[in-house]
$ cat target-v2.tsv   # TSV, C-alpha atoms and all ligand atoms
chain	number	residue	atom	x	y	z
A	40	MET	CA	0.00	0.00	0.00
A	41	SER	CA	1.28	3.47	-0.80
A	42	GLU	CA	2.20	5.82	2.02
A	43	PRO	CA	-0.59	8.14	3.17
A	44	SER	CA	-0.40	11.87	2.41
A	45	ILE	CA	1.35	13.75	5.16
A	46	VAL	CA	-1.63	16.10	5.51
A	47	GLU	CA	-5.10	15.21	4.37
A	48	ILE	CA	-8.07	17.50	4.84
A	49	SER	CA	-11.53	16.11	4.05
A	50	ASP	CA	-14.79	18.07	3.91
A	51	LEU	CA	-13.38	20.54	6.42
A	52	GLU	CA	-15.80	23.05	7.86
A	53	VAL	CA	-14.89	25.89	10.19
A	54	ALA	CA	-17.41	28.55	11.13
A	55	PHE	CA	-17.27	31.61	13.33
A	56	LYS	CA	-20.17	33.40	14.93
A	57	VAL	CA	-19.94	36.99	13.71
A	58	ARG	CA	-22.09	40.06	14.14
A	59	THR	CA	-23.52	41.32	10.87
A	60	GLY	CA	-25.49	44.40	9.87
A	61	ARG	CA	-26.39	47.39	11.98
A	62	ARG	CA	-28.43	45.42	14.47
A	63	GLY	CA	-25.45	43.22	15.18
A	64	LYS	CA	-27.34	39.97	14.61
A	65	ARG	CA	-25.04	37.01	15.11
A	66	GLU	CA	-24.64	34.83	12.05
A	67	LEU	CA	-22.47	31.92	11.15
A	68	LEU	CA	-19.56	32.85	8.91
A	69	ARG	CA	-18.41	29.80	7.01
A	70	ALA	CA	-14.68	30.56	6.96
A	71	VAL	CA	-13.92	27.11	5.51
A	72	ASN	CA	-16.71	25.34	3.70
A	73	ARG	CA	-16.35	21.61	2.93
A	74	ALA	CA	-12.75	21.93	1.81
A	75	SER	CA	-10.75	18.84	0.84
A	76	LEU	CA	-7.05	18.90	0.10
A	77	SER	CA	-4.07	16.61	0.50
A	78	VAL	CA	-0.37	17.29	0.62
A	79	GLY	CA	1.84	14.42	-0.53
A	80	ARG	CA	5.35	13.66	0.65
A	81	GLY	CA	7.91	16.05	-0.74
A	82	GLU	CA	5.15	17.95	-2.47
A	83	THR	CA	4.42	21.69	-2.42
A	84	VAL	CA	0.76	22.58	-2.53
A	85	ALA	CA	-0.08	26.26	-2.77
A	86	VAL	CA	-3.35	27.61	-1.46
A	87	VAL	CA	-4.21	30.87	-3.17
A	88	GLY	CA	-7.10	33.29	-2.89
A	89	GLU	CA	-7.94	36.79	-1.79
A	90	SER	CA	-7.77	38.00	1.77
A	91	GLY	CA	-10.53	36.47	3.87
A	92	SER	CA	-10.98	33.38	1.68
A	93	GLY	CA	-10.14	31.05	4.58
A	94	LYS	CA	-6.57	30.05	3.78
A	95	SER	CA	-5.14	30.73	7.24
A	96	THR	CA	-8.13	29.22	8.98
A	97	MET	CA	-7.66	26.01	7.00
A	98	ALA	CA	-3.98	25.82	8.04
A	99	ARG	CA	-4.87	26.59	11.66
A	100	ALA	CA	-7.44	23.80	11.57
A	101	VAL	CA	-4.71	21.32	10.60
A	102	LEU	CA	-2.90	22.20	13.83
A	103	ARG	CA	-6.15	22.14	15.83
A	104	GLN	CA	-5.96	25.84	16.58
A	105	VAL	CA	-9.60	26.37	15.62
A	106	ALA	CA	-12.62	24.22	16.37
A	107	LEU	CA	-13.98	22.17	13.48
A	108	ARG	CA	-17.65	22.25	12.60
A	109	GLY	CA	-17.23	19.25	10.37
A	110	GLY	CA	-14.81	17.12	8.39
A	111	THR	CA	-11.52	15.51	9.29
A	112	VAL	CA	-7.81	16.25	9.31
A	113	ARG	CA	-5.33	13.43	8.99
A	114	ILE	CA	-1.64	13.80	9.69
A	115	ASP	CA	0.45	10.96	8.33
A	116	GLY	CA	-2.72	8.93	7.89
A	117	VAL	CA	-3.95	9.42	11.47
A	118	ASP	CA	-7.21	11.25	12.14
A	119	VAL	CA	-6.30	14.00	14.61
A	120	THR	CA	-9.77	15.51	14.74
A	121	SER	CA	-10.89	14.03	18.00
A	122	MET	CA	-7.58	12.87	19.38
A	123	ARG	CA	-6.55	13.64	22.97
A	124	SER	CA	-4.10	16.52	23.39
A	125	ARG	CA	-1.33	14.27	24.65
A	126	GLU	CA	-1.53	11.97	21.65
A	127	PHE	CA	-1.73	14.95	19.32
A	128	ARG	CA	1.47	16.43	20.74
A	129	ALA	CA	3.51	13.56	19.36
A	130	LEU	CA	2.04	13.94	15.88
A	131	ARG	CA	2.20	17.73	16.04
A	132	ARG	CA	5.99	17.51	15.70
A	133	LYS	CA	5.57	16.30	12.16
A	134	VAL	CA	3.89	19.51	11.02
A	135	GLN	CA	5.28	22.96	11.76
A	136	MET	CA	4.19	26.43	10.77
A	137	VAL	CA	5.90	29.56	9.42
A	138	PHE	CA	4.00	32.84	9.46
A	139	GLN	CA	4.12	36.11	7.53
A	140	ASP	CA	5.42	37.87	10.60
A	141	PRO	CA	8.43	35.99	11.96
A	142	TYR	CA	7.75	37.52	15.39
A	143	SER	CA	4.82	35.10	15.59
A	144	SER	CA	7.38	32.38	16.22
A	145	LEU	CA	10.39	34.37	17.44
A	146	ASP	CA	10.20	35.88	20.89
A	147	PRO	CA	11.83	39.34	20.63
A	148	ALA	CA	13.21	38.90	24.16
A	149	MET	CA	15.01	35.66	23.34
A	150	THR	CA	18.34	35.29	21.59
A	151	VAL	CA	18.45	33.39	18.32
A	152	ALA	CA	20.06	30.45	20.10
A	153	GLU	CA	17.28	30.35	22.72
A	154	SER	CA	14.45	30.70	20.18
A	155	ILE	CA	15.69	27.99	17.85
A	156	ALA	CA	16.63	25.68	20.71
A	157	GLU	CA	13.22	25.95	22.37
A	158	PRO	CA	11.49	23.15	20.41
A	159	LEU	CA	14.57	20.99	21.05
A	160	VAL	CA	14.24	21.60	24.80
A	161	VAL	CA	10.54	20.74	24.77
A	162	HIS	CA	10.57	17.74	22.45
A	163	THR	CA	14.02	16.11	22.63
A	164	ASN	CA	16.53	14.79	25.17
A	165	LEU	CA	19.47	16.64	23.65
A	166	ASN	CA	21.83	18.11	26.23
A	167	ARG	CA	22.99	21.73	26.18
A	168	ARG	CA	26.06	21.01	24.04
A	169	GLU	CA	24.09	18.94	21.54
A	170	ARG	CA	21.42	21.63	21.32
A	171	HIS	CA	24.06	24.26	20.67
A	172	ASP	CA	25.50	22.17	17.85
A	173	ARG	CA	22.08	21.51	16.37
A	174	VAL	CA	21.19	25.22	16.44
A	175	ALA	CA	24.48	26.09	14.72
A	176	GLU	CA	23.75	23.43	12.12
A	177	LEU	CA	20.23	24.80	11.56
A	178	LEU	CA	21.58	28.34	11.12
A	179	ASP	CA	23.91	26.97	8.48
A	180	VAL	CA	21.02	25.18	6.75
A	181	VAL	CA	19.08	28.46	6.43
A	182	GLY	CA	22.09	30.42	5.24
A	183	LEU	CA	23.02	32.21	8.47
A	184	SER	CA	26.07	31.65	10.61
A	185	ALA	CA	26.81	30.55	14.16
A	186	ARG	CA	28.11	34.04	14.94
A	187	HIS	CA	24.45	35.13	14.99
A	188	LEU	CA	23.67	32.86	17.93
A	189	ASP	CA	23.67	35.45	20.69
A	190	ARG	CA	21.83	38.16	18.79
A	191	TYR	CA	18.20	39.20	19.15
A	192	PRO	CA	15.59	39.15	16.35
A	193	TYR	CA	15.51	42.97	16.05
A	194	GLU	CA	19.16	42.87	14.96
A	195	PHE	CA	18.18	41.09	11.75
A	196	SER	CA	16.56	42.19	8.49
A	197	GLY	CA	13.06	40.92	7.59
A	198	GLY	CA	14.49	38.25	5.31
A	199	GLN	CA	16.98	37.07	7.94
A	200	ARG	CA	14.22	36.92	10.55
A	201	GLN	CA	12.19	34.72	8.21
A	202	ARG	CA	15.26	32.47	7.85
A	203	LEU	CA	15.40	32.22	11.65
A	204	ALA	CA	11.70	31.34	11.83
A	205	ILE	CA	12.27	28.65	9.20
A	206	ALA	CA	15.27	27.29	11.15
A	207	ARG	CA	13.06	26.99	14.22
A	208	ALA	CA	10.28	25.36	12.20
A	209	VAL	CA	12.59	22.66	10.81
A	210	ALA	CA	14.48	22.08	14.09
A	211	LEU	CA	12.56	18.86	14.80
A	212	ASN	CA	12.82	17.53	11.23
A	213	PRO	CA	9.12	17.96	10.47
A	214	GLU	CA	7.60	16.16	7.53
A	215	ALA	CA	5.54	19.18	6.51
A	216	VAL	CA	5.75	22.92	7.00
A	217	LEU	CA	2.66	25.07	6.66
A	218	CYS	CA	3.84	28.44	5.36
A	219	ASP	CA	1.26	31.20	5.83
A	220	GLU	CA	2.16	34.11	3.54
A	221	PRO	CA	5.84	33.63	4.42
A	222	VAL	CA	7.17	36.17	1.93
A	223	SER	CA	4.34	38.73	1.73
A	224	ALA	CA	6.10	41.25	3.95
A	225	LEU	CA	9.40	41.04	2.06
A	226	ASP	CA	10.77	42.90	-0.94
A	227	MET	CA	10.95	41.08	-4.25
A	228	SER	CA	14.58	39.96	-4.13
A	229	THR	CA	14.29	38.77	-0.53
A	230	GLN	CA	11.08	36.93	-1.49
A	231	ASN	CA	13.04	35.02	-4.12
A	232	GLN	CA	15.77	34.14	-1.63
A	233	ILE	CA	13.26	32.74	0.87
A	234	ILE	CA	11.42	30.81	-1.86
A	235	ASN	CA	14.75	29.32	-2.96
A	236	LEU	CA	15.58	28.42	0.63
A	237	LEU	CA	12.26	26.57	1.00
A	238	LYS	CA	12.87	24.76	-2.28
A	239	ASP	CA	16.39	23.79	-1.13
A	240	LEU	CA	15.03	22.46	2.16
A	241	GLN	CA	12.54	20.39	0.24
A	242	ALA	CA	15.23	19.03	-2.08
A	243	GLN	CA	17.56	18.27	0.84
A	244	PHE	CA	15.12	16.85	3.38
A	245	GLY	CA	12.03	15.94	1.33
A	246	VAL	CA	9.82	18.15	3.49
A	247	SER	CA	6.29	18.80	2.21
A	248	LEU	CA	5.05	22.37	2.01
A	249	LEU	CA	1.58	23.83	2.24
A	250	PHE	CA	2.25	27.29	0.92
A	251	ILE	CA	-0.44	29.90	1.53
A	252	SER	CA	-0.32	33.06	-0.55
A	253	HIS	CA	-2.56	35.66	-2.12
A	254	ASP	CA	0.17	36.23	-4.70
A	255	LEU	CA	-0.01	33.95	-7.71
A	256	ALA	CA	3.27	35.25	-9.08
A	257	VAL	CA	5.05	33.92	-5.97
A	258	VAL	CA	3.27	30.58	-6.06
A	259	ARG	CA	4.27	30.00	-9.65
A	260	HIS	CA	7.88	29.56	-8.57
A	261	ILE	CA	7.30	26.99	-5.88
A	262	ALA	CA	4.05	25.01	-6.22
A	263	HIS	CA	3.65	21.55	-7.68
A	264	ARG	CA	-0.07	21.77	-7.16
A	265	VAL	CA	-2.39	24.70	-6.59
A	266	ALA	CA	-5.68	24.96	-4.70
A	267	VAL	CA	-7.73	28.09	-5.31
A	268	MET	CA	-9.93	29.24	-2.46
A	269	TYR	CA	-12.85	31.60	-2.67
A	270	LEU	CA	-14.93	32.54	0.38
A	271	GLY	CA	-14.17	29.37	2.25
A	272	SER	CA	-14.54	26.97	-0.67
A	273	ILE	CA	-11.81	25.36	-2.74
A	274	VAL	CA	-13.07	26.16	-6.23
A	275	GLU	CA	-10.25	24.59	-8.23
A	276	THR	CA	-7.24	22.36	-7.70
A	277	GLY	CA	-4.75	20.99	-10.16
A	278	PRO	CA	-1.13	20.66	-11.20
A	279	ALA	CA	0.42	24.15	-11.07
A	280	GLU	CA	1.43	24.05	-14.70
A	281	ARG	CA	-2.14	23.33	-15.82
A	282	VAL	CA	-3.77	25.83	-13.46
A	283	PHE	CA	-1.50	28.62	-14.70
A	284	SER	CA	-1.70	27.78	-18.38
A	285	ARG	CA	-5.32	26.59	-18.56
A	286	PRO	CA	-7.29	27.82	-15.52
A	287	ALA	CA	-10.70	26.16	-15.43
A	288	HIS	CA	-12.71	28.15	-12.90
A	289	PRO	CA	-13.79	31.72	-13.74
A	290	TYR	CA	-12.44	32.87	-10.38
A	291	THR	CA	-8.99	31.41	-11.11
A	292	LYS	CA	-9.09	33.13	-14.51
A	293	ALA	CA	-9.93	36.42	-12.83
A	294	LEU	CA	-7.16	35.98	-10.24
A	295	LEU	CA	-4.64	35.26	-12.97
A	296	ALA	CA	-5.83	38.24	-14.98
A	297	ALA	CA	-4.98	40.43	-12.03
A	298	VAL	CA	-1.28	39.47	-11.99
A	299	PRO	CA	1.26	40.32	-14.65
A	300	VAL	CA	2.11	37.06	-16.42
A	301	PRO	CA	5.45	36.95	-18.22
A	302	ASP	CA	4.51	33.93	-20.33
A	303	PRO	CA	3.14	35.19	-23.71
A	304	GLU	CA	1.27	31.94	-24.36
A	305	VAL	CA	-0.61	32.37	-21.10
A	306	GLN	CA	-1.33	36.04	-21.86
A	307	GLN	CA	-3.05	35.08	-25.07
A	308	ALA	CA	-5.35	32.59	-23.39
A	309	GLY	CA	-8.19	35.13	-23.20
A	310	ARG	CA	-7.78	36.59	-19.72
A	311	ARG	CA	-10.74	38.16	-18.01
A	312	PRO	CA	-10.75	41.61	-16.55
A	313	SER	CA	-10.28	41.89	-12.80
A	314	ILE	CA	-13.05	40.63	-10.52
A	315	ARG	CA	-16.20	42.75	-10.40
A	316	GLY	CA	-19.56	42.59	-8.70
A	317	ASP	CA	-20.58	41.80	-5.16
A	318	ALA	CA	-18.84	39.18	-3.14
A	319	PHE	CA	-21.12	36.39	-2.03
A	320	SER	CA	-21.65	36.56	1.67
A	321	GLY	CA	-19.85	33.82	3.56
A	322	THR	CA	-22.97	33.51	5.69
A	323	THR	CA	-25.11	32.33	2.76
A	324	THR	CA	-25.13	28.72	1.65
A	325	ALA	CA	-26.92	28.09	-1.66
A	326	GLY	CA	-25.29	28.29	-5.06
A	327	CYS	CA	-21.75	28.85	-6.23
A	328	PRO	CA	-19.89	31.24	-3.91
A	329	PHE	CA	-18.54	33.13	-6.94
A	330	ALA	CA	-21.90	33.47	-8.76
A	331	GLY	CA	-22.42	37.11	-7.74
A	332	ARG	CA	-19.17	38.20	-9.35
A	333	CYS	CA	-18.86	35.66	-12.13
A	334	PRO	CA	-19.14	37.02	-15.68
A	335	GLU	CA	-20.34	33.61	-16.87
A	336	ALA	CA	-22.90	32.86	-14.13
A	337	MET	CA	-26.10	31.09	-15.14
A	338	ASP	CA	-29.32	30.69	-13.11
A	339	LEU	CA	-28.19	27.25	-12.01
A	340	CYS	CA	-25.05	28.78	-10.44
A	341	ARG	CA	-27.14	30.89	-8.08
A	342	GLU	CA	-29.36	27.97	-7.14
A	343	GLN	CA	-27.12	24.96	-6.67
A	344	THR	CA	-23.60	24.60	-5.38
A	345	PRO	CA	-21.49	22.98	-8.10
A	346	PRO	CA	-19.69	19.73	-7.23
A	347	ASP	CA	-16.12	19.10	-8.35
A	348	PHE	CA	-15.81	18.24	-12.03
A	349	PRO	CA	-12.63	16.80	-13.54
A	350	VAL	CA	-10.56	19.20	-15.61
A	351	ASP	CA	-8.55	18.27	-18.70
A	352	GLY	CA	-4.88	18.21	-17.80
A	353	GLY	CA	-5.53	17.25	-14.17
A	354	GLY	CA	-7.36	18.39	-11.08
A	355	VAL	CA	-10.94	19.46	-10.50
A	356	GLY	CA	-13.05	22.59	-10.71
A	357	ALA	CA	-16.26	23.35	-8.85
A	358	CYS	CA	-18.07	25.11	-11.69
A	359	TRP	CA	-21.24	24.21	-13.59
A	360	LEU	CA	-19.58	25.28	-16.85
A	361	LEU	CA	-17.27	22.30	-16.50
A	362	ALA	CA	-20.28	19.95	-16.29
A	363	GLU	CA	-21.00	20.54	-19.96
A	364	LYS	CA	-17.50	19.40	-20.84
A	365	VAL	CA	-17.90	16.23	-18.79
A	366	ALA	CA	-21.34	15.34	-20.22
B	401	LIG	N1	-11.35	34.03	15.18
B	401	LIG	C1	-12.18	34.50	14.24
B	401	LIG	N2	-13.40	34.98	14.58
B	401	LIG	C2	-14.28	35.43	13.64
B	401	LIG	N3	-14.01	35.44	12.31
B	401	LIG	C3	-12.80	34.98	11.91
B	401	LIG	C4	-11.82	34.48	12.85
B	401	LIG	N4	-10.73	34.09	12.16
B	401	LIG	C5	-11.00	34.32	10.85
B	401	LIG	N5	-12.23	34.86	10.71
B	401	LIG	C6	-12.90	35.20	9.44
B	401	LIG	O1	-12.86	34.05	8.62
B	401	LIG	C7	-12.65	34.40	7.27
B	401	LIG	C8	-11.41	33.71	6.73
B	401	LIG	O2	-10.26	34.30	7.35
B	401	LIG	P1	-8.77	33.80	7.05
B	401	LIG	O3	-7.84	34.62	7.87
B	401	LIG	O4	-8.72	32.33	7.18
B	401	LIG	O5	-8.62	34.18	5.51
B	401	LIG	P2	-7.30	34.29	4.66
B	401	LIG	O6	-7.66	33.81	3.31
B	401	LIG	O7	-6.16	33.61	5.34
B	401	LIG	O8	-7.07	35.85	4.61
B	401	LIG	P3	-5.84	36.71	5.13
B	401	LIG	O9	-4.78	36.50	4.14
B	401	LIG	O10	-6.39	38.10	5.14
B	401	LIG	O11	-5.54	36.18	6.51
B	401	LIG	C9	-12.56	35.93	7.23
B	401	LIG	O12	-13.83	36.46	6.92
B	401	LIG	C10	-12.17	36.27	8.65
B	401	LIG	O13	-12.62	37.57	8.99
$ encode --input "target-v2.tsv" --output "structure tokens"
Amino acid sequence: MSEPSIVEISDLEVAFKVRTGRRGKRELLRAVNRASLSVGRGETVAVVGESGSGKSTMARAVLRQVALRGGTVRIDGVDVTSMRSREFRALRRKVQMVFQDPYSSLDPAMTVAESIAEPLVVHTNLNRRERHDRVAELLDVVGLSARHLDRYPYEFSGGQRQRLAIARAVALNPEAVLCDEPVSALDMSTQNQIINLLKDLQAQFGVSLLFISHDLAVVRHIAHRVAVMYLGSIVETGPAERVFSRPAHPYTKALLAAVPVPDPEVQQAGRRPSIRGDAFSGTTTAGCPFAGRCPEAMDLCREQTPPDFPVDGGGVGACWLLAEKVA
């Protein structure tokens, strides 16, 4: 039997009670709506979509940082959804997280050595000397040097701080790293350096990456597969090459139209203008979430939620227009 995916999300639902309108009525906001996604070993899956589409919430659900309303999360084949905290702790080591703001994982009051060593103190039996050596080794892996050991995070540039956060995330040899907008706060050349570092780590250690970004241009350089999220729903998934060259869902087309694409073949593929119209409210349930802004919406789209249809070239798209191609 083949090895299970390192992370497998099935029919995931996360909802928050939010106040809406002037009267402040509390409604259920479906931040993640029946999302399914798997990340294979050594694979990079990018989750893209506008702000508020539920990308971070989905990642947080993997690490049990938000309560699930439905669905399951498996780590290395094991359902962690209703596992006891103690059992989960052991599995939790396998999946680490890197955030947009490195201060989310680096305590400004701790030296680099202390910050990176912390997971080693908590989860391993390494003695002080061994921890020191491991931290020095990790700094080397992320392109920094052991002379940085006694410095504090504020003494580093944004890119260097992200390298430190990555060093800490890989300290326990995780099998997957969930990267939540890891380069969004960085300038273009530093973004490229961090992307290359993540790719190197993958090549060296076979680590899987779930790479969350609103920026398709960034994702293009790192993803093997792409999942496109819109208002809590995954509307399209597929091999990156296919999604970029032949996007199937009107929302993916609109997202791609909004970024400059250097590939002339892709530019000719009839891009749509940027997204217009009202966003579907995340508190509503019927129909396609993109129907209100979709230039190709039909009556059916407003009435029934489309299931996933296979897409030529790989992957699936949740769009009624794809049903015609299947029939
Ligand atoms: N703790 C919370 N309480 C209430 N609503 C929340 C909470 N966390 C997230 N949300 C809402 O859930 C939706 C999805 O948010 P999420 O942060 O997952 O989106 P995102 O795609 O990662 O966007 P961003 O890049 O802006 O973080 C948004 O409407 C957000 O306001």
$ atom_distance --input "target-v2.tsv" --atom1 "CA of Met122 in chain A" --atom2 "CA of Ser75 in chain A"
19.7 Å
$ residues_around --input "target-v2.tsv" --residues "Ile234 in chain A" --least-positions-apart "4" --cutoff "12 Å" --atoms "all atoms listed in the file" --output "PyMOL selection string"
chain A and resi 83+181+198+201-202+205+218+220-223+225+227-230+238-241+248+250+256-262
$ closest_residue --input "target-v2.tsv" --among "A:Gln199, A:Gln243, A:Gln135, A:Asn72" --to "Gly110 in chain A" --atoms "all atoms listed in the file"
A:Asn72
$ residues_near_ligand --input "target-v2.tsv" --ligand "ligand LIG 401 (chain B)" --cutoff "12 Å" --atoms "only C-alpha atoms and all ligand atoms" --output "count of residues only"
60
$ residues_around --input "target-v2.tsv" --residues "Pro289 in chain A" --least-positions-apart "3" --cutoff "9 Å" --atoms "only C-alpha atoms" --output "compact mmCIF listing (two decimals) with C-alpha atoms, in the coordinates of the input"
# COMPACT_ATOMS: atom_id res chain seq x y z
CA PRO A 286 -7.29 27.82 -15.52
CA LYS A 292 -9.09 33.13 -14.51
CA ALA A 293 -9.93 36.42 -12.83
CA LEU A 294 -7.16 35.98 -10.24
CA ARG A 311 -10.74 38.16 -18.01
CA PHE A 329 -18.54 33.13 -6.94
CA CYS A 333 -18.86 35.66 -12.13
CA PRO A 334 -19.14 37.02 -15.68
CA GLU A 335 -20.34 33.61 -16.87
CA CYS A 358 -18.07 25.11 -11.69
$ atom_distance --input "target-v2.tsv" --atom1 "CA of Leu165 in chain A" --atom2 "CA of Leu211 in chain A"
11.4 Å
$ atom_distance --input "target-v2.tsv" --atom1 "CA of Gly182 in chain A" --atom2 "CA of Arg168 in chain A"
21.4 Å
$ residues_around --input "target-v2.tsv" --residues "range 143-155 of chain A" --least-positions-apart "6" --cutoff "7 Å" --atoms "all atoms listed in the file" --output "PyMOL selection string"
chain A and resi 174+188-193+204+206-207
